[in-house]
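Structure file upload.tsv (TSV, C-alpha atoms) is printed below.
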chain	number	residue	atom	x	y	z
A	226	MET	CA	-13.57	-2.54	165.71
A	227	LYS	CA	-15.72	-5.60	165.08
A	228	GLY	CA	-16.33	-6.17	161.40
A	229	ALA	CA	-13.29	-4.17	160.31
A	230	PRO	CA	-11.48	-5.47	157.23
A	231	ALA	CA	-8.35	-7.52	157.82
A	232	PRO	CA	-4.98	-5.87	157.13
A	233	ILE	CA	-2.86	-7.25	154.28
A	234	ARG	CA	-0.28	-9.34	156.12
A	235	HIS	CA	2.22	-9.87	153.32
A	236	ARG	CA	4.46	-7.23	151.80
A	237	LEU	CA	3.04	-5.34	148.84
A	238	SER	CA	5.67	-5.82	146.16
A	239	GLY	CA	6.43	-3.42	143.33
A	240	SER	CA	5.10	-0.32	145.08
A	241	ARG	CA	7.46	2.65	145.40
A	242	SER	CA	5.26	4.36	147.96
A	243	PRO	CA	2.89	1.85	149.59
A	244	PRO	CA	-0.15	3.42	151.25
A	245	PRO	CA	-0.08	3.61	155.04
A	246	VAL	CA	-3.32	1.62	155.34
A	247	ALA	CA	-3.96	-1.65	153.48
A	248	TYR	CA	-6.71	-4.23	153.90
A	249	GLN	CA	-7.64	-7.59	152.43
A	250	VAL	CA	-11.22	-8.84	152.15
A	251	THR	CA	-12.49	-12.13	150.73
A	252	GLN	CA	-15.81	-12.35	148.95
A	253	ARG	CA	-17.29	-15.76	149.77
A	254	ALA	CA	-20.52	-17.64	150.34
A	255	VAL	CA	-21.80	-18.21	153.86
A	256	TRP	CA	-24.89	-19.69	155.49
A	257	VAL	CA	-26.74	-17.32	157.83
A	258	THR	CA	-29.89	-17.22	159.93
A	259	VAL	CA	-32.04	-14.18	159.16
A	260	SER	CA	-35.13	-15.21	161.12
A	261	ASN	CA	-36.15	-17.94	163.54
A	262	GLN	CA	-39.10	-18.55	161.22
A	263	LEU	CA	-36.90	-19.32	158.20
A	264	PRO	CA	-34.25	-21.94	157.39
A	265	GLN	CA	-30.61	-20.93	156.97
A	266	GLN	CA	-29.89	-18.87	153.86
A	267	SER	CA	-26.94	-18.90	151.50
A	268	ILE	CA	-25.67	-15.36	150.95
A	269	TRP	CA	-22.50	-13.78	149.61
A	270	GLY	CA	-20.50	-11.46	151.79
A	271	PHE	CA	-17.23	-9.62	152.17
A	272	ASP	CA	-15.27	-11.74	154.67
A	273	GLY	CA	-18.44	-13.80	154.92
A	274	ILE	CA	-20.61	-11.04	156.39
A	275	SER	CA	-23.26	-8.74	154.98
A	276	PRO	CA	-23.14	-5.80	155.20
A	277	GLY	CA	-19.42	-6.26	154.71
A	278	PRO	CA	-16.70	-4.86	156.97
A	279	THR	CA	-16.97	-1.14	157.66
A	280	TYR	CA	-13.98	0.86	156.44
A	281	VAL	CA	-13.10	3.86	158.58
A	282	ALA	CA	-10.93	6.28	156.58
A	283	GLN	CA	-9.49	9.76	156.95
A	284	TYR	CA	-9.15	12.40	154.25
A	285	GLY	CA	-5.49	12.64	153.29
A	286	THR	CA	-4.70	9.04	154.27
A	287	PRO	CA	-4.79	6.69	151.26
A	288	VAL	CA	-6.18	3.17	151.56
A	289	LEU	CA	-5.40	0.08	149.48
A	290	VAL	CA	-7.97	-2.73	149.44
A	291	ARG	CA	-7.18	-6.20	148.09
A	292	ASN	CA	-10.40	-7.98	147.07
A	293	VAL	CA	-10.14	-11.78	146.86
A	294	ASN	CA	-12.89	-13.54	144.92
A	295	ALA	CA	-13.54	-16.89	146.62
A	296	LEU	CA	-17.16	-17.25	145.51
A	297	ALA	CA	-18.25	-20.77	144.65
A	298	GLY	CA	-19.80	-21.76	141.34
A	299	ASP	CA	-23.13	-22.74	142.97
A	300	ASN	CA	-25.17	-19.54	143.24
A	301	SER	CA	-28.28	-21.09	144.85
A	302	GLY	CA	-30.48	-19.74	142.07
A	303	PHE	CA	-29.24	-16.21	141.37
A	304	GLY	CA	-26.11	-14.08	141.33
A	305	PHE	CA	-22.93	-14.51	139.29
A	306	PRO	CA	-19.56	-15.32	140.94
A	307	SER	CA	-17.68	-12.81	138.81
A	308	VAL	CA	-17.31	-9.51	140.63
A	309	THR	CA	-16.02	-5.96	140.65
A	310	THR	CA	-16.31	-3.66	143.66
A	311	HIS	CA	-17.33	-0.01	143.32
A	312	LEU	CA	-16.91	2.63	146.04
A	313	HIS	CA	-20.14	4.49	145.38
A	314	ASN	CA	-19.59	8.23	144.83
A	315	GLY	CA	-15.93	7.95	145.81
A	316	HIS	CA	-13.39	10.29	144.21
A	317	THR	CA	-11.40	7.34	142.91
A	318	PRO	CA	-8.81	6.73	140.13
A	319	SER	CA	-10.38	5.07	137.09
A	320	GLU	CA	-8.32	1.86	137.44
A	321	SER	CA	-9.68	1.42	140.97
A	322	ASP	CA	-13.26	2.54	140.37
A	323	GLY	CA	-14.83	-0.88	139.91
A	324	PHE	CA	-16.23	-0.35	136.42
A	325	PRO	CA	-19.04	-2.82	135.53
A	326	GLN	CA	-16.92	-4.50	132.85
A	327	ASP	CA	-13.72	-4.60	134.93
A	328	PHE	CA	-14.66	-7.85	136.67
A	329	PHE	CA	-12.72	-10.75	138.13
A	330	ALA	CA	-13.46	-14.47	138.29
A	331	SER	CA	-13.44	-16.77	141.28
A	332	GLY	CA	-9.87	-17.53	142.34
A	333	GLN	CA	-8.58	-14.09	141.31
A	334	TYR	CA	-7.88	-10.98	143.35
A	335	TYR	CA	-7.59	-7.30	142.52
A	336	ASP	CA	-6.23	-4.25	144.33
A	337	GLN	CA	-8.05	-0.92	144.55
A	338	TYR	CA	-6.42	2.32	145.63
A	339	TYR	CA	-8.51	4.95	147.38
A	340	PRO	CA	-6.55	8.23	147.81
A	341	ASN	CA	-9.27	9.81	150.01
A	342	VAL	CA	-8.82	13.27	148.52
A	343	LEU	CA	-11.30	16.03	147.81
A	344	ALA	CA	-12.55	16.68	144.30
A	345	GLY	CA	-11.38	19.86	142.60
A	346	PHE	CA	-7.72	19.67	143.65
A	347	ASN	CA	-6.59	19.92	140.03
A	348	SER	CA	-8.73	22.88	139.03
A	349	THR	CA	-10.19	25.69	141.09
A	350	HIS	CA	-9.17	24.66	144.61
A	351	LEU	CA	-5.44	24.03	144.50
A	352	PRO	CA	-3.76	22.19	146.08
A	353	ASN	CA	-6.03	20.25	148.40
A	354	GLY	CA	-9.47	20.31	146.76
A	355	ASP	CA	-12.86	21.80	147.46
A	356	VAL	CA	-14.01	21.24	151.05
A	357	ASN	CA	-17.60	21.57	149.78
A	358	GLU	CA	-17.03	18.25	148.03
A	359	SER	CA	-16.46	16.47	151.37
A	360	LEU	CA	-18.17	13.09	151.64
A	361	SER	CA	-18.86	11.16	154.81
A	362	THR	CA	-21.04	8.04	154.66
A	363	LEU	CA	-20.33	6.07	151.48
A	364	TRP	CA	-21.10	2.50	150.56
A	365	TYR	CA	-19.26	-0.05	148.44
A	366	HIS	CA	-20.98	-2.74	146.40
A	367	ASP	CA	-20.57	-5.23	143.61
A	368	HIS	CA	-20.87	-3.56	140.20
A	369	ARG	CA	-20.62	-6.50	137.77
A	370	VAL	CA	-22.29	-5.73	134.43
A	371	ASP	CA	-25.74	-7.38	134.13
A	372	PHE	CA	-25.52	-8.80	137.68
A	373	THR	CA	-25.14	-5.76	139.96
A	374	SER	CA	-28.66	-6.03	141.37
A	375	GLN	CA	-28.45	-9.79	141.94
A	376	ASN	CA	-25.01	-9.72	143.56
A	377	VAL	CA	-25.86	-6.77	145.81
A	378	TYR	CA	-29.18	-8.39	146.75
A	379	LYS	CA	-27.21	-11.53	147.62
A	380	GLY	CA	-25.15	-9.51	150.12
A	381	LEU	CA	-22.17	-7.87	148.42
A	382	ALA	CA	-22.36	-4.39	149.97
A	383	GLY	CA	-20.91	-2.50	152.93
A	384	PHE	CA	-20.01	0.90	154.41
A	385	TYR	CA	-17.00	3.14	153.78
A	386	LEU	CA	-16.89	6.06	156.25
A	387	LEU	CA	-14.76	9.15	155.64
A	388	PHE	CA	-13.80	11.64	158.34
A	389	ASN	CA	-11.98	14.99	158.21
A	390	GLN	CA	-11.03	17.85	160.53
A	391	PHE	CA	-14.67	18.96	160.75
A	392	ASP	CA	-16.50	15.63	160.84
A	393	THR	CA	-13.99	13.99	163.17
A	394	GLY	CA	-15.99	11.07	164.53
A	395	ASN	CA	-15.64	12.61	168.00
A	396	GLU	CA	-18.39	14.71	169.54
A	397	THR	CA	-15.86	16.82	171.49
A	398	THR	CA	-14.14	18.18	168.35
A	399	GLY	CA	-14.96	19.69	164.93
A	400	PHE	CA	-18.67	19.85	164.23
A	401	ARG	CA	-19.29	17.97	167.51
A	402	LEU	CA	-21.41	15.35	165.77
A	403	PRO	CA	-22.26	12.12	167.62
A	404	SER	CA	-19.17	9.99	168.23
A	405	PHE	CA	-18.40	7.00	166.04
A	406	PRO	CA	-18.96	4.13	166.66
A	407	ASP	CA	-20.76	4.66	169.98
A	408	TYR	CA	-23.58	6.93	168.75
A	409	ASP	CA	-22.97	7.37	164.99
A	410	ILE	CA	-24.27	3.99	163.83
A	411	PRO	CA	-24.46	3.17	160.08
A	412	MET	CA	-27.61	1.24	159.13
A	413	MET	CA	-28.41	-0.48	155.84
A	414	PHE	CA	-31.94	-1.52	154.87
A	415	ALA	CA	-32.96	-3.87	152.05
A	416	ASP	CA	-36.16	-5.59	150.99
A	417	LYS	CA	-35.86	-9.37	150.72
A	418	CYS	CA	-38.29	-11.95	149.31
A	419	PHE	CA	-38.47	-15.56	150.46
A	420	ASP	CA	-40.07	-18.52	148.74
A	421	PRO	CA	-43.24	-19.39	150.70
A	422	THR	CA	-42.66	-23.12	150.13
A	423	SER	CA	-38.93	-23.54	150.79
A	424	GLY	CA	-38.33	-20.44	152.89
A	425	GLN	CA	-35.26	-19.66	150.80
A	426	LEU	CA	-34.19	-16.20	149.60
A	427	VAL	CA	-35.32	-15.58	146.02
A	428	PHE	CA	-34.65	-12.92	143.41
A	429	ASP	CA	-37.11	-12.09	140.63
A	430	THR	CA	-34.88	-11.81	137.57
A	431	PHE	CA	-37.82	-10.48	135.53
A	432	ASN	CA	-38.62	-7.62	137.89
A	433	LEU	CA	-36.26	-4.90	136.67
Please lay out the structure from this file as structure tokens.
Amino acid sequence: MKGAPAPIRHRLSGSRSPPPVAYQVTQRAVWVTVSNQLPQQSIWGFDGISPGPTYVAQYGTPVLVRNVNALAGDNSGFGFPSVTTHLHNGHTPSESDGFPQDFFASGQYYDQYYPNVLAGFNSTHLPNGDVNESLSTLWYHDHRVDFTSQNVYKGLAGFYLLFNQFDTGNETTGFRLPSFPDYDIPMMFADKCFDPTSGQLVFDTFNL
């Protein structure tokens, strides 16, 4: 689908059991037009788009994401080109969770492993987890300590969609919910402020 993350094209070395699905995304600056009444804006995006590529995942099928930080040093007034990506509310191993202080500089990359399993598989709902913990529409975003709000405001966010045998993404099966992507359309809304003189995107670093 359009906007899907690019697969990792080289072999993943050192892995005894590589996941069946692997993607690579590059976080970089890009100039975009947000309105015909405003000049072009410099934003940060995953693969140069914001919202970033939409991941479409299935429970029981692990995903590996390689994040490449190619952000430039010039931040156009706000944001910090040191990043860590967090899958919000994902049931994720700690080393892949995107902790605020587990950040990476421009020119570096990092791999994150998403097993796409239900919570509770190691306690009361052996062996596959608690179906009541099923998630569907998640989002991923930059999580860098002290700069999460600025970096997300600048564009570093996107969707991660999870499907299972009940929410199948097909209106003829399971719960028979609207089919994805024809009728099940993720939408992300965000308030933005623009300088009345220059027309450029601005962030109030004193408005916490």
With distances taken over all atoms listed in the file, which of A:Asn294, A:Asp409, A:Leu351, A:His316 is nearest to A:Gly394?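 Under the stated criterion, the closest residue is A:Asp409.
Near A:Val246, within 8 Å and counting only C-alpha atoms, sit Pro232, Thr286, Pro287, Val288 and Leu289 of chain A; same-chain residues fewer than 3 positions away were not included.
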Separation of atom CA of A:Phe328 from atom CA of A:Thr309 in Å: 4.6 Å
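In this comparison, which uses only C-alpha atoms, the residue of A:Tyr334, A:Gly424, A:Gly304, A:Gln283 approaching A:Leu360 most closely is A:Gln283.
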Write out as CSV the residues of stretch 287-354 of chain A that have any atom within 9 Å of an atom of stretch 251-268 of chain A, one row each with the nearest atom pair and its distance in Å to one decimal, counting all atoms listed in the file, sorted by chain and then rising number.
residue,atom,partner,partner_atom,distance
A:Arg291,CA,A:Thr251,CA,8.4
A:Asn292,CA,A:Thr251,CA,5.9
A:Val293,CA,A:Thr251,CA,4.5
A:Asn294,CA,A:Gln252,CA,5.1
A:Ala295,CA,A:Arg253,CA,5.0
A:Leu296,CA,A:Arg253,CA,4.5
A:Ala297,CA,A:Ala254,CA,6.9
A:Asn300,CA,A:Ser267,CA,8.5
A:Ser301,CA,A:Ser267,CA,7.1
A:Val308,CA,A:Gln252,CA,8.9
A:Tyr334,CA,A:Thr251,CA,8.8
Spatial neighbours of A:Thr362, 7 Å, only C-alpha atoms, chain gap at least 4 places, as a compact mmCIF listing (two decimals) with C-alpha atoms, in the coordinates of the input:
# COMPACT_ATOMS: atom_id res chain seq x y z
CA TYR A 385 -17.00 3.14 153.78
CA LEU A 386 -16.89 6.06 156.25
CA LEU A 387 -14.76 9.15 155.64
